[in-house]
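What's in start-v7.pdb: PDB, N, CA and C atoms
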ATOM      1  N   MET Z1336     -25.722 -33.105 -17.320
ATOM      2  CA  MET Z1336     -25.561 -34.472 -16.859
ATOM      3  C   MET Z1336     -26.680 -34.790 -15.874
ATOM      4  N   GLU Z1337     -27.291 -35.916 -16.052
ATOM      5  CA  GLU Z1337     -28.403 -36.326 -15.192
ATOM      6  C   GLU Z1337     -27.903 -36.791 -13.820
ATOM      7  N   LYS Z1338     -28.816 -36.801 -12.862
ATOM      8  CA  LYS Z1338     -28.476 -37.187 -11.493
ATOM      9  C   LYS Z1338     -27.927 -38.609 -11.438
ATOM     10  N   ALA Z1339     -28.555 -39.542 -12.128
ATOM     11  CA  ALA Z1339     -28.105 -40.939 -12.104
ATOM     12  C   ALA Z1339     -26.673 -41.049 -12.609
ATOM     13  N   GLU Z1340     -26.371 -40.353 -13.681
ATOM     14  CA  GLU Z1340     -25.021 -40.419 -14.246
ATOM     15  C   GLU Z1340     -23.997 -39.827 -13.274
ATOM     16  N   LYS Z1341     -24.330 -38.712 -12.652
ATOM     17  CA  LYS Z1341     -23.428 -38.094 -11.675
ATOM     18  C   LYS Z1341     -23.147 -39.053 -10.522
ATOM     19  N   LEU Z1342     -24.212 -39.665 -10.016
ATOM     20  CA  LEU Z1342     -24.047 -40.597  -8.898
ATOM     21  C   LEU Z1342     -23.221 -41.816  -9.309
ATOM     22  N   LEU Z1343     -23.490 -42.344 -10.494
ATOM     23  CA  LEU Z1343     -22.740 -43.510 -10.964
ATOM     24  C   LEU Z1343     -21.267 -43.171 -11.183
ATOM     25  N   LEU Z1344     -20.991 -42.012 -11.742
ATOM     26  CA  LEU Z1344     -19.593 -41.610 -11.939
ATOM     27  C   LEU Z1344     -18.875 -41.413 -10.605
ATOM     28  N   SER Z1345     -19.573 -40.880  -9.629
ATOM     29  CA  SER Z1345     -18.992 -40.734  -8.288
ATOM     30  C   SER Z1345     -18.702 -42.092  -7.671
ATOM     31  N   LEU Z1346     -19.631 -43.032  -7.853
ATOM     32  CA  LEU Z1346     -19.438 -44.381  -7.337
ATOM     33  C   LEU Z1346     -18.246 -45.054  -8.011
ATOM     34  N   LYS Z1347     -18.148 -44.897  -9.311
ATOM     35  CA  LYS Z1347     -17.022 -45.480 -10.048
ATOM     36  C   LYS Z1347     -15.701 -44.903  -9.545
ATOM     37  N   GLU Z1348     -15.666 -43.611  -9.330
ATOM     38  CA  GLU Z1348     -14.446 -42.959  -8.831
ATOM     39  C   GLU Z1348     -14.046 -43.507  -7.460
ATOM     40  N   LEU Z1349     -15.041 -43.703  -6.584
ATOM     41  CA  LEU Z1349     -14.761 -44.260  -5.264
ATOM     42  C   LEU Z1349     -14.223 -45.689  -5.365
ATOM     43  N   LEU Z1350     -14.816 -46.484  -6.249
ATOM     44  CA  LEU Z1350     -14.348 -47.860  -6.437
ATOM     45  C   LEU Z1350     -12.912 -47.881  -6.944
ATOM     46  N   GLU Z1351     -12.585 -46.971  -7.847
ATOM     47  CA  GLU Z1351     -11.218 -46.900  -8.364
ATOM     48  C   GLU Z1351     -10.231 -46.486  -7.271
ATOM     49  N   LYS Z1352     -10.625 -45.567  -6.406
ATOM     50  CA  LYS Z1352      -9.770 -45.168  -5.281
ATOM     51  C   LYS Z1352      -9.559 -46.341  -4.326
ATOM     52  N   GLU Z1353     -10.634 -47.056  -4.048
ATOM     53  CA  GLU Z1353     -10.542 -48.205  -3.152
ATOM     54  C   GLU Z1353      -9.626 -49.278  -3.747
ATOM     55  N   LYS Z1354      -9.760 -49.518  -5.029
ATOM     56  CA  LYS Z1354      -8.915 -50.509  -5.703
ATOM     57  C   LYS Z1354      -7.441 -50.111  -5.599
ATOM     58  N   LYS Z1355      -7.160 -48.835  -5.822
ATOM     59  CA  LYS Z1355      -5.785 -48.343  -5.745
ATOM     60  C   LYS Z1355      -5.218 -48.555  -4.339
ATOM     61  N   LEU Z1356      -6.017 -48.257  -3.319
ATOM     62  CA  LEU Z1356      -5.573 -48.457  -1.938
ATOM     63  C   LEU Z1356      -5.300 -49.931  -1.651
ATOM     64  N   LEU Z1357      -6.193 -50.795  -2.096
ATOM     65  CA  LEU Z1357      -6.017 -52.229  -1.840
ATOM     66  C   LEU Z1357      -4.809 -52.792  -2.581
ATOM     67  N   LEU Z1358      -4.571 -52.317  -3.781
ATOM     68  CA  LEU Z1358      -3.436 -52.804  -4.553
ATOM     69  C   LEU Z1358      -2.098 -52.317  -3.997
ATOM     70  N   SER Z1359      -2.096 -51.135  -3.400
ATOM     71  CA  SER Z1359      -0.851 -50.580  -2.871
ATOM     72  C   SER Z1359      -0.515 -51.134  -1.490
ATOM     73  N   GLY Z1360      -1.434 -51.862  -0.891
ATOM     74  CA  GLY Z1360      -1.212 -52.381   0.456
ATOM     75  C   GLY Z1360      -1.720 -51.376   1.474
ATOM     76  N   ILE Z1361      -2.501 -51.854   2.397
ATOM     77  CA  ILE Z1361      -3.136 -50.968   3.376
ATOM     78  C   ILE Z1361      -2.133 -50.606   4.461
ATOM     79  N   LYS Z1362      -1.901 -49.323   4.599
ATOM     80  CA  LYS Z1362      -1.020 -48.802   5.639
ATOM     81  C   LYS Z1362      -1.890 -48.157   6.711
ATOM     82  N   GLY Z1363      -1.301 -47.693   7.770
ATOM     83  CA  GLY Z1363      -2.026 -47.157   8.918
ATOM     84  C   GLY Z1363      -3.208 -46.268   8.603
ATOM     85  N   GLU Z1364      -2.941 -45.126   7.972
ATOM     86  CA  GLU Z1364      -4.017 -44.154   7.717
ATOM     87  C   GLU Z1364      -4.947 -44.596   6.594
ATOM     88  N   ASP Z1365      -4.517 -45.585   5.805
ATOM     89  CA  ASP Z1365      -5.356 -46.076   4.713
ATOM     90  C   ASP Z1365      -6.631 -46.747   5.216
ATOM     91  N   ALA Z1366      -6.548 -47.352   6.386
ATOM     92  CA  ALA Z1366      -7.737 -48.005   6.952
ATOM     93  C   ALA Z1366      -8.853 -46.980   7.154
ATOM     94  N   ASP Z1367      -8.495 -45.804   7.660
ATOM     95  CA  ASP Z1367      -9.487 -44.738   7.843
ATOM     96  C   ASP Z1367     -10.042 -44.274   6.502
ATOM     97  N   ARG Z1368      -9.173 -44.188   5.498
ATOM     98  CA  ARG Z1368      -9.621 -43.781   4.167
ATOM     99  C   ARG Z1368     -10.613 -44.784   3.598
ATOM    100  N   ILE Z1369     -10.324 -46.059   3.793
ATOM    101  CA  ILE Z1369     -11.232 -47.090   3.279
ATOM    102  C   ILE Z1369     -12.577 -47.013   3.984
ATOM    103  N   VAL Z1370     -12.569 -46.799   5.283
ATOM    104  CA  VAL Z1370     -13.833 -46.663   6.028
ATOM    105  C   VAL Z1370     -14.635 -45.489   5.478
ATOM    106  N   LYS Z1371     -13.963 -44.367   5.222
ATOM    107  CA  LYS Z1371     -14.663 -43.189   4.676
ATOM    108  C   LYS Z1371     -15.186 -43.457   3.268
ATOM    109  N   LEU Z1372     -14.398 -44.186   2.470
ATOM    110  CA  LEU Z1372     -14.871 -44.561   1.134
ATOM    111  C   LEU Z1372     -16.120 -45.432   1.227
ATOM    112  N   GLU Z1373     -16.103 -46.379   2.151
ATOM    113  CA  GLU Z1373     -17.256 -47.270   2.323
ATOM    114  C   GLU Z1373     -18.496 -46.483   2.748
ATOM    115  N   GLU Z1374     -18.315 -45.553   3.650
ATOM    116  CA  GLU Z1374     -19.444 -44.723   4.091
ATOM    117  C   GLU Z1374     -20.011 -43.920   2.921
ATOM    118  N   ARG Z1375     -19.130 -43.343   2.129
ATOM    119  CA  ARG Z1375     -19.580 -42.553   0.972
ATOM    120  C   ARG Z1375     -20.264 -43.441  -0.059
ATOM    121  N   LYS Z1376     -19.725 -44.649  -0.266
ATOM    122  CA  LYS Z1376     -20.362 -45.585  -1.204
ATOM    123  C   LYS Z1376     -21.773 -45.919  -0.746
ATOM    124  N   LEU Z1377     -21.955 -46.129   0.548
ATOM    125  CA  LEU Z1377     -23.298 -46.417   1.058
ATOM    126  C   LEU Z1377     -24.245 -45.246   0.824
ATOM    127  N   GLU Z1378     -23.746 -44.033   0.990
ATOM    128  CA  GLU Z1378     -24.573 -42.851   0.727
ATOM    129  C   GLU Z1378     -24.989 -42.804  -0.746
ATOM    130  N   LEU Z1379     -24.019 -43.049  -1.633
ATOM    131  CA  LEU Z1379     -24.321 -43.035  -3.070
ATOM    132  C   LEU Z1379     -25.312 -44.128  -3.438
ATOM    133  N   LEU Z1380     -25.111 -45.311  -2.891
ATOM    134  CA  LEU Z1380     -26.026 -46.419  -3.184
ATOM    135  C   LEU Z1380     -27.433 -46.120  -2.681
ATOM    136  N   SER Z1381     -27.512 -45.461  -1.546
ATOM    137  CA  SER Z1381     -28.823 -45.064  -1.024
ATOM    138  C   SER Z1381     -29.507 -44.085  -1.974
ATOM    139  N   GLU Z1382     -28.758 -43.117  -2.478
ATOM    140  CA  GLU Z1382     -29.309 -42.150  -3.433
ATOM    141  C   GLU Z1382     -29.707 -42.840  -4.739
ATOM    142  N   LEU Z1383     -28.859 -43.749  -5.203
ATOM    143  CA  LEU Z1383     -29.169 -44.474  -6.449
ATOM    144  C   LEU Z1383     -30.428 -45.325  -6.300
ATOM    145  N   SER Z1384     -30.630 -45.878  -5.113
ATOM    146  CA  SER Z1384     -31.803 -46.740  -4.908
ATOM    147  C   SER Z1384     -33.116 -45.970  -4.970
ATOM    148  N   LYS Z1385     -33.054 -44.671  -4.834
ATOM    149  CA  LYS Z1385     -34.255 -43.834  -4.882
ATOM    150  C   LYS Z1385     -34.680 -43.506  -6.318
ATOM    151  N   LEU Z1386     -33.807 -43.800  -7.271
ATOM    152  CA  LEU Z1386     -34.100 -43.484  -8.669
ATOM    153  C   LEU Z1386     -34.895 -44.602  -9.337
ATOM    154  N   SER Z1387     -35.566 -44.260 -10.396
ATOM    155  CA  SER Z1387     -36.341 -45.263 -11.132
ATOM    156  C   SER Z1387     -35.463 -45.927 -12.193
ATOM    157  N   ARG Z1388     -35.934 -47.031 -12.707
ATOM    158  CA  ARG Z1388     -35.211 -47.774 -13.742
ATOM    159  C   ARG Z1388     -34.961 -46.894 -14.975
ATOM    160  N   GLU Z1389     -35.920 -46.063 -15.282
ATOM    161  CA  GLU Z1389     -35.818 -45.186 -16.445
ATOM    162  C   GLU Z1389     -34.670 -44.180 -16.310
ATOM    163  N   ASP Z1390     -34.321 -43.825 -15.072
ATOM    164  CA  ASP Z1390     -33.231 -42.878 -14.844
ATOM    165  C   ASP Z1390     -31.884 -43.420 -15.321
ATOM    166  N   PHE Z1391     -31.799 -44.736 -15.459
ATOM    167  CA  PHE Z1391     -30.539 -45.377 -15.843
ATOM    168  C   PHE Z1391     -30.480 -45.700 -17.339
ATOM    169  N   SER Z1392     -31.494 -45.291 -18.061
ATOM    170  CA  SER Z1392     -31.533 -45.535 -19.498
ATOM    171  C   SER Z1392     -30.328 -44.876 -20.171
ATOM    172  N   GLY Z1393     -29.619 -45.645 -20.970
ATOM    173  CA  GLY Z1393     -28.436 -45.148 -21.656
ATOM    174  C   GLY Z1393     -27.161 -45.221 -20.836
ATOM    175  N   LEU Z1394     -27.270 -45.669 -19.612
ATOM    176  CA  LEU Z1394     -26.101 -45.751 -18.724
ATOM    177  C   LEU Z1394     -25.655 -47.197 -18.480
ATOM    178  N   GLU Z1395     -26.118 -48.099 -19.321
ATOM    179  CA  GLU Z1395     -25.843 -49.522 -19.118
ATOM    180  C   GLU Z1395     -24.345 -49.833 -19.112
ATOM    181  N   ASP Z1396     -23.580 -49.209 -20.008
ATOM    182  CA  ASP Z1396     -22.134 -49.463 -20.061
ATOM    183  C   ASP Z1396     -21.451 -49.021 -18.757
ATOM    184  N   LEU Z1397     -21.868 -47.892 -18.235
ATOM    185  CA  LEU Z1397     -21.309 -47.391 -16.984
ATOM    186  C   LEU Z1397     -21.660 -48.330 -15.827
ATOM    187  N   VAL Z1398     -22.880 -48.825 -15.815
ATOM    188  CA  VAL Z1398     -23.295 -49.767 -14.769
ATOM    189  C   VAL Z1398     -22.471 -51.052 -14.862
ATOM    190  N   ARG Z1399     -22.227 -51.542 -16.093
ATOM    191  CA  ARG Z1399     -21.398 -52.748 -16.262
ATOM    192  C   ARG Z1399     -19.967 -52.510 -15.790
ATOM    193  N   GLU Z1400     -19.434 -51.331 -16.074
ATOM    194  CA  GLU Z1400     -18.079 -50.991 -15.625
ATOM    195  C   GLU Z1400     -18.002 -50.975 -14.101
ATOM    196  N   ILE Z1401     -19.007 -50.417 -13.466
ATOM    197  CA  ILE Z1401     -19.065 -50.394 -11.999
ATOM    198  C   ILE Z1401     -19.169 -51.817 -11.460
ATOM    199  N   ASP Z1402     -19.966 -52.647 -12.097
ATOM    200  CA  ASP Z1402     -20.097 -54.039 -11.677
ATOM    201  C   ASP Z1402     -18.755 -54.766 -11.797
ATOM    202  N   ARG Z1403     -18.041 -54.502 -12.887
ATOM    203  CA  ARG Z1403     -16.730 -55.126 -13.102
ATOM    204  C   ARG Z1403     -15.742 -54.683 -12.018
ATOM    205  N   LEU Z1404     -15.711 -53.389 -11.744
ATOM    206  CA  LEU Z1404     -14.832 -52.873 -10.693
ATOM    207  C   LEU Z1404     -15.176 -53.467  -9.334
ATOM    208  N   ASN Z1405     -16.460 -53.574  -9.063
ATOM    209  CA  ASN Z1405     -16.905 -54.132  -7.796
ATOM    210  C   ASN Z1405     -16.470 -55.593  -7.668
ATOM    211  N   SER Z1406     -16.547 -56.352  -8.749
ATOM    212  CA  SER Z1406     -16.101 -57.751  -8.732
ATOM    213  C   SER Z1406     -14.595 -57.844  -8.483
ATOM    214  N   GLN Z1407     -13.838 -56.938  -9.084
ATOM    215  CA  GLN Z1407     -12.394 -56.918  -8.858
ATOM    216  C   GLN Z1407     -12.074 -56.604  -7.398
ATOM    217  N   LEU Z1408     -12.799 -55.653  -6.835
ATOM    218  CA  LEU Z1408     -12.603 -55.308  -5.428
ATOM    219  C   LEU Z1408     -12.924 -56.484  -4.516
ATOM    220  N   LYS Z1409     -13.996 -57.170  -4.820
ATOM    221  CA  LYS Z1409     -14.372 -58.332  -4.024
ATOM    222  C   LYS Z1409     -13.247 -59.359  -4.027
ATOM    223  N   ALA Z1410     -12.667 -59.622  -5.201
ATOM    224  CA  ALA Z1410     -11.569 -60.580  -5.310
ATOM    225  C   ALA Z1410     -10.342 -60.108  -4.521
ATOM    226  N   LEU Z1411     -10.028 -58.821  -4.604
ATOM    227  CA  LEU Z1411      -8.895 -58.279  -3.850
ATOM    228  C   LEU Z1411      -9.113 -58.402  -2.345
ATOM    229  N   ILE Z1412     -10.313 -58.098  -1.904
ATOM    230  CA  ILE Z1412     -10.623 -58.175  -0.472
ATOM    231  C   ILE Z1412     -10.530 -59.612   0.017
ATOM    232  N   ILE Z1413     -11.083 -60.538  -0.736
ATOM    233  CA  ILE Z1413     -11.012 -61.954  -0.350
ATOM    234  C   ILE Z1413      -9.561 -62.409  -0.292
ATOM    235  N   ASN Z1414      -8.762 -62.015  -1.289
ATOM    236  CA  ASN Z1414      -7.352 -62.381  -1.305
ATOM    237  C   ASN Z1414      -6.625 -61.825  -0.079
ATOM    238  N   ASN Z1415      -6.874 -60.553   0.245
ATOM    239  CA  ASN Z1415      -6.246 -59.947   1.425
ATOM    240  C   ASN Z1415      -6.679 -60.650   2.706
ATOM    241  N   LEU Z1416      -7.942 -61.031   2.788
ATOM    242  CA  LEU Z1416      -8.421 -61.739   3.977
ATOM    243  C   LEU Z1416      -7.754 -63.108   4.111
ATOM    244  N   GLU Z1417      -7.578 -63.799   2.997
ATOM    245  CA  GLU Z1417      -6.918 -65.104   3.035
ATOM    246  C   GLU Z1417      -5.466 -64.978   3.466
ATOM    247  N   ILE Z1418      -4.795 -63.925   3.007
ATOM    248  CA  ILE Z1418      -3.409 -63.680   3.427
ATOM    249  C   ILE Z1418      -3.365 -63.416   4.929
ATOM    250  N   MET Z1419      -4.256 -62.567   5.417
ATOM    251  CA  MET Z1419      -4.293 -62.260   6.847
ATOM    252  C   MET Z1419      -4.603 -63.506   7.670
ATOM    253  N   GLU Z1420      -5.528 -64.315   7.199
ATOM    254  CA  GLU Z1420      -5.871 -65.546   7.896
ATOM    255  C   GLU Z1420      -4.659 -66.470   7.979
ATOM    256  N   SER Z1421      -3.917 -66.569   6.897
ATOM    257  CA  SER Z1421      -2.721 -67.408   6.863
ATOM    258  C   SER Z1421      -1.677 -66.905   7.865
ATOM    259  N   ILE Z1422      -1.488 -65.598   7.907
ATOM    260  CA  ILE Z1422      -0.545 -65.013   8.858
ATOM    261  C   ILE Z1422      -0.986 -65.286  10.290
ATOM    262  N   MET Z1423      -2.258 -65.101  10.566
ATOM    263  CA  MET Z1423      -2.789 -65.340  11.912
ATOM    264  C   MET Z1423      -2.615 -66.793  12.324
ATOM    265  N   GLU Z1424      -2.818 -67.708  11.408
ATOM    266  CA  GLU Z1424      -2.658 -69.122  11.722
ATOM    267  C   GLU Z1424      -1.210 -69.457  12.055
ATOM    268  N   GLU Z1425      -0.280 -68.786  11.376
ATOM    269  CA  GLU Z1425       1.143 -68.997  11.668
ATOM    270  C   GLU Z1425       1.515 -68.406  13.017
ATOM    271  N   LEU Z1426       0.974 -67.244  13.317
ATOM    272  CA  LEU Z1426       1.305 -66.577  14.573
ATOM    273  C   LEU Z1426       0.623 -67.198  15.782
ATOM    274  N   PHE Z1427      -0.587 -67.674  15.578
ATOM    275  CA  PHE Z1427      -1.383 -68.195  16.688
ATOM    276  C   PHE Z1427      -1.908 -69.592  16.354
ATOM    277  N   PRO Z1428      -1.052 -70.615  16.517
ATOM    278  CA  PRO Z1428      -1.518 -71.976  16.213
ATOM    279  C   PRO Z1428      -2.614 -72.397  17.191
ATOM    280  N   ARG Z1429      -3.372 -73.359  16.778
ATOM    281  CA  ARG Z1429      -4.460 -73.866  17.606
ATOM    282  C   ARG Z1429      -3.864 -74.670  18.761
ATOM    283  N   VAL Z1430      -4.324 -74.398  19.959
ATOM    284  CA  VAL Z1430      -3.867 -75.119  21.140
ATOM    285  C   VAL Z1430      -5.017 -75.966  21.644
ATOM    286  N   THR Z1431      -4.723 -77.252  21.880
ATOM    287  CA  THR Z1431      -5.724 -78.154  22.427
ATOM    288  C   THR Z1431      -5.250 -78.604  23.810
ATOM    289  N   TYR Z1432      -6.098 -78.431  24.788
ATOM    290  CA  TYR Z1432      -5.750 -78.805  26.147
ATOM    291  C   TYR Z1432      -6.392 -80.136  26.477
ATOM    292  N   GLY Z1433      -5.593 -81.041  27.026
ATOM    293  CA  GLY Z1433      -6.098 -82.361  27.411
ATOM    294  C   GLY Z1433      -6.558 -82.380  28.851
ATOM    295  N   ARG Z1434      -7.190 -83.446  29.227
ATOM    296  CA  ARG Z1434      -7.702 -83.574  30.605
ATOM    297  C   ARG Z1434      -6.580 -83.700  31.623
ATOM    298  N   ASN Z1435      -5.467 -84.253  31.200
ATOM    299  CA  ASN Z1435      -4.357 -84.444  32.133
ATOM    300  C   ASN Z1435      -3.485 -83.193  32.264
ATOM    301  N   GLY Z1436      -3.910 -82.103  31.690
ATOM    302  CA  GLY Z1436      -3.173 -80.855  31.799
ATOM    303  C   GLY Z1436      -2.197 -80.599  30.673
ATOM    304  N   GLY Z1437      -2.007 -81.563  29.804
ATOM    305  CA  GLY Z1437      -1.099 -81.381  28.683
ATOM    306  C   GLY Z1437      -1.759 -80.574  27.573
ATOM    307  N   SER Z1438      -0.947 -80.114  26.676
ATOM    308  CA  SER Z1438      -1.489 -79.358  25.549
ATOM    309  C   SER Z1438      -0.736 -79.736  24.285
ATOM    310  N   THR Z1439      -1.391 -79.561  23.178
ATOM    311  CA  THR Z1439      -0.761 -79.808  21.888
ATOM    312  C   THR Z1439      -1.018 -78.598  20.999
ATOM    313  N   PHE Z1440      -0.046 -78.317  20.198
ATOM    314  CA  PHE Z1440      -0.164 -77.217  19.238
ATOM    315  C   PHE Z1440      -0.304 -77.817  17.857
ATOM    316  N   GLU Z1441      -1.204 -77.286  17.093
ATOM    317  CA  GLU Z1441      -1.346 -77.750  15.721
ATOM    318  C   GLU Z1441      -1.659 -76.567  14.830
ATOM    319  N   LYS Z1442      -1.130 -76.662  13.645
ATOM    320  CA  LYS Z1442      -1.418 -75.624  12.666
ATOM    321  C   LYS Z1442      -2.776 -75.895  12.061
ATOM    322  N   ARG Z1443      -3.503 -74.834  11.832
ATOM    323  CA  ARG Z1443      -4.807 -74.978  11.195
ATOM    324  C   ARG Z1443      -4.594 -75.186   9.711
ATOM    325  N   VAL Z1444      -5.334 -76.098   9.187
ATOM    326  CA  VAL Z1444      -5.194 -76.391   7.757
ATOM    327  C   VAL Z1444      -6.451 -76.018   7.034
TER     328      VAL Z1444
END

Do you think you could lay out the structure here as structure tokens?
Amino acid sequence: MEKAEKLLLSLKELLEKEKKLLLSGIKGEDADRIVKLEERKLELLSELSKLSREDFSGLEDLVREIDRLNSQLKALIINNLEIMESIMEELFPRVTYGRNGGSTFEKRV
């Protein structure tokens, strides 16, 4: 197995682990796991960037699969961020203070 293929398969495996964690809901220790996955992904991407275009010849399907997984992860992350933002807005409404010392609470829309 060539170096490019090994690196791509490792990257795909990491993306699948990350997807599984995001789908199951992030619990306490999962945050640390995700950080470690991200660090490892950066290492793999750095190694992949050192390879030439020719090194990826014949690996186009694997690259497309990784791209698809990455797009799914992006959607999951955005969805989770929107949920968190919604929760934060409910917990911490916007407070506006007036000159006369009064305040008003409003929900962010």

Atom pair atom CA of Z:Asp1402 + atom CA of Z:Leu1346, distance 10.6 Å

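In this model, the gap between atom CA of Z:Glu1400 and atom C of Z:Leu1344 comes to 10.8 Å.
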
Pick out each residue of chain Z that DSSP on the backbone tags as strand (DSSP E); I need them as a PDB file with N, CA and C atoms, in the coordinates of the input.
ATOM      1  N   ARG Z1429      -3.372 -73.359  16.778  1.00  0.00           N
ATOM      2  CA  ARG Z1429      -4.460 -73.866  17.606  1.00  0.00           C
ATOM      3  C   ARG Z1429      -3.864 -74.670  18.761  1.00  0.00           C
ATOM      4  N   VAL Z1430      -4.324 -74.398  19.959  1.00  0.00           N
ATOM      5  CA  VAL Z1430      -3.867 -75.119  21.140  1.00  0.00           C
ATOM      6  C   VAL Z1430      -5.017 -75.966  21.644  1.00  0.00           C
ATOM      7  N   THR Z1431      -4.723 -77.252  21.880  1.00  0.00           N
ATOM      8  CA  THR Z1431      -5.724 -78.154  22.427  1.00  0.00           C
ATOM      9  C   THR Z1431      -5.250 -78.604  23.810  1.00  0.00           C
ATOM     10  N   TYR Z1432      -6.098 -78.431  24.788  1.00  0.00           N
ATOM     11  CA  TYR Z1432      -5.750 -78.805  26.147  1.00  0.00           C
ATOM     12  C   TYR Z1432      -6.392 -80.136  26.477  1.00  0.00           C
ATOM     13  N   SER Z1438      -0.947 -80.114  26.676  1.00  0.00           N
ATOM     14  CA  SER Z1438      -1.489 -79.358  25.549  1.00  0.00           C
ATOM     15  C   SER Z1438      -0.736 -79.736  24.285  1.00  0.00           C
ATOM     16  N   THR Z1439      -1.391 -79.561  23.178  1.00  0.00           N
ATOM     17  CA  THR Z1439      -0.761 -79.808  21.888  1.00  0.00           C
ATOM     18  C   THR Z1439      -1.018 -78.598  20.999  1.00  0.00           C
ATOM     19  N   PHE Z1440      -0.046 -78.317  20.198  1.00  0.00           N
ATOM     20  CA  PHE Z1440      -0.164 -77.217  19.238  1.00  0.00           C
ATOM     21  C   PHE Z1440      -0.304 -77.817  17.857  1.00  0.00           C
ATOM     22  N   GLU Z1441      -1.204 -77.286  17.093  1.00  0.00           N
ATOM     23  CA  GLU Z1441      -1.346 -77.750  15.721  1.00  0.00           C
ATOM     24  C   GLU Z1441      -1.659 -76.567  14.830  1.00  0.00           C
TER      25      GLU Z1441
END

Please report the interatomic distance between atom CA of Z:Gln1407 and atom CA of Z:Leu1377 in Å with one decimal.
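Separating atom CA of Z:Gln1407 from atom CA of Z:Leu1377 is a distance of 18.1 Å.
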
>> Give me, as a list in words, all polymer residues having an atom no more than 9 Å from stretch 1386-1393 of chain Z, counting only C-alpha atoms and skipping those fewer than 3 positions away in the same chain.
In response: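 So the residues in contact are Glu1337, Lys1338, Ala1339, Glu1340, Glu1382, Leu1383, Asp1396, Leu1397 and Val1398 of chain Z.
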
task = as a PyMOL selection string, list the residues of chain Z assigned to alpha helix (DSSP H) by DSSP on the backbone atoms of this structure.
result = chain Z and resi 1338-1359+1363-1384+1395-1426

May I have the protein, DNA and RNA residues with an atom at most 8 Å from (-5.0, -54.3, -3.9), counting all atoms listed in the file in the file's coordinates, returned as a CSV table (one decimal) with N, CA and C atoms, in the frame of the given file?
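Result went into selection.csv, see below:
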chain,number,residue,atom,x,y,z
Z,1353,GLU,N,-10.6,-47.1,-4.0
Z,1353,GLU,CA,-10.5,-48.2,-3.2
Z,1353,GLU,C,-9.6,-49.3,-3.7
Z,1354,LYS,N,-9.8,-49.5,-5.0
Z,1354,LYS,CA,-8.9,-50.5,-5.7
Z,1354,LYS,C,-7.4,-50.1,-5.6
Z,1355,LYS,N,-7.2,-48.8,-5.8
Z,1355,LYS,CA,-5.8,-48.3,-5.7
Z,1355,LYS,C,-5.2,-48.6,-4.3
Z,1356,LEU,N,-6.0,-48.3,-3.3
Z,1356,LEU,CA,-5.6,-48.5,-1.9
Z,1356,LEU,C,-5.3,-49.9,-1.7
Z,1357,LEU,N,-6.2,-50.8,-2.1
Z,1357,LEU,CA,-6.0,-52.2,-1.8
Z,1357,LEU,C,-4.8,-52.8,-2.6
Z,1358,LEU,N,-4.6,-52.3,-3.8
Z,1358,LEU,CA,-3.4,-52.8,-4.6
Z,1358,LEU,C,-2.1,-52.3,-4.0
Z,1359,SER,N,-2.1,-51.1,-3.4
Z,1359,SER,CA,-0.9,-50.6,-2.9
Z,1359,SER,C,-0.5,-51.1,-1.5
Z,1360,GLY,N,-1.4,-51.9,-0.9
Z,1360,GLY,CA,-1.2,-52.4,0.5
Z,1360,GLY,C,-1.7,-51.4,1.5
Z,1361,ILE,N,-2.5,-51.9,2.4
Z,1361,ILE,CA,-3.1,-51.0,3.4
Z,1361,ILE,C,-2.1,-50.6,4.5
Z,1408,LEU,N,-12.8,-55.7,-6.8
Z,1408,LEU,CA,-12.6,-55.3,-5.4
Z,1408,LEU,C,-12.9,-56.5,-4.5
Z,1410,ALA,N,-12.7,-59.6,-5.2
Z,1410,ALA,CA,-11.6,-60.6,-5.3
Z,1410,ALA,C,-10.3,-60.1,-4.5
Z,1411,LEU,N,-10.0,-58.8,-4.6
Z,1411,LEU,CA,-8.9,-58.3,-3.8
Z,1411,LEU,C,-9.1,-58.4,-2.3
Z,1412,ILE,N,-10.3,-58.1,-1.9
Z,1412,ILE,CA,-10.6,-58.2,-0.5
Z,1412,ILE,C,-10.5,-59.6,0.0
Z,1415,ASN,N,-6.9,-60.6,0.2
Z,1415,ASN,CA,-6.2,-59.9,1.4
Z,1415,ASN,C,-6.7,-60.6,2.7

Between Z:Glu1364, Z:Ile1422, Z:Ile1369, Z:Leu1394, smallest distance to Z:Lys1352 by all atoms listed in the file belongs to Z:Ile1369

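Remark: for Z:Leu1379, the closest of the candidate residues Z:Met1423, Z:Arg1429, Z:Glu1348, Z:Asn1414 is Z:Glu1348 (distances computed over only C-alpha atoms).
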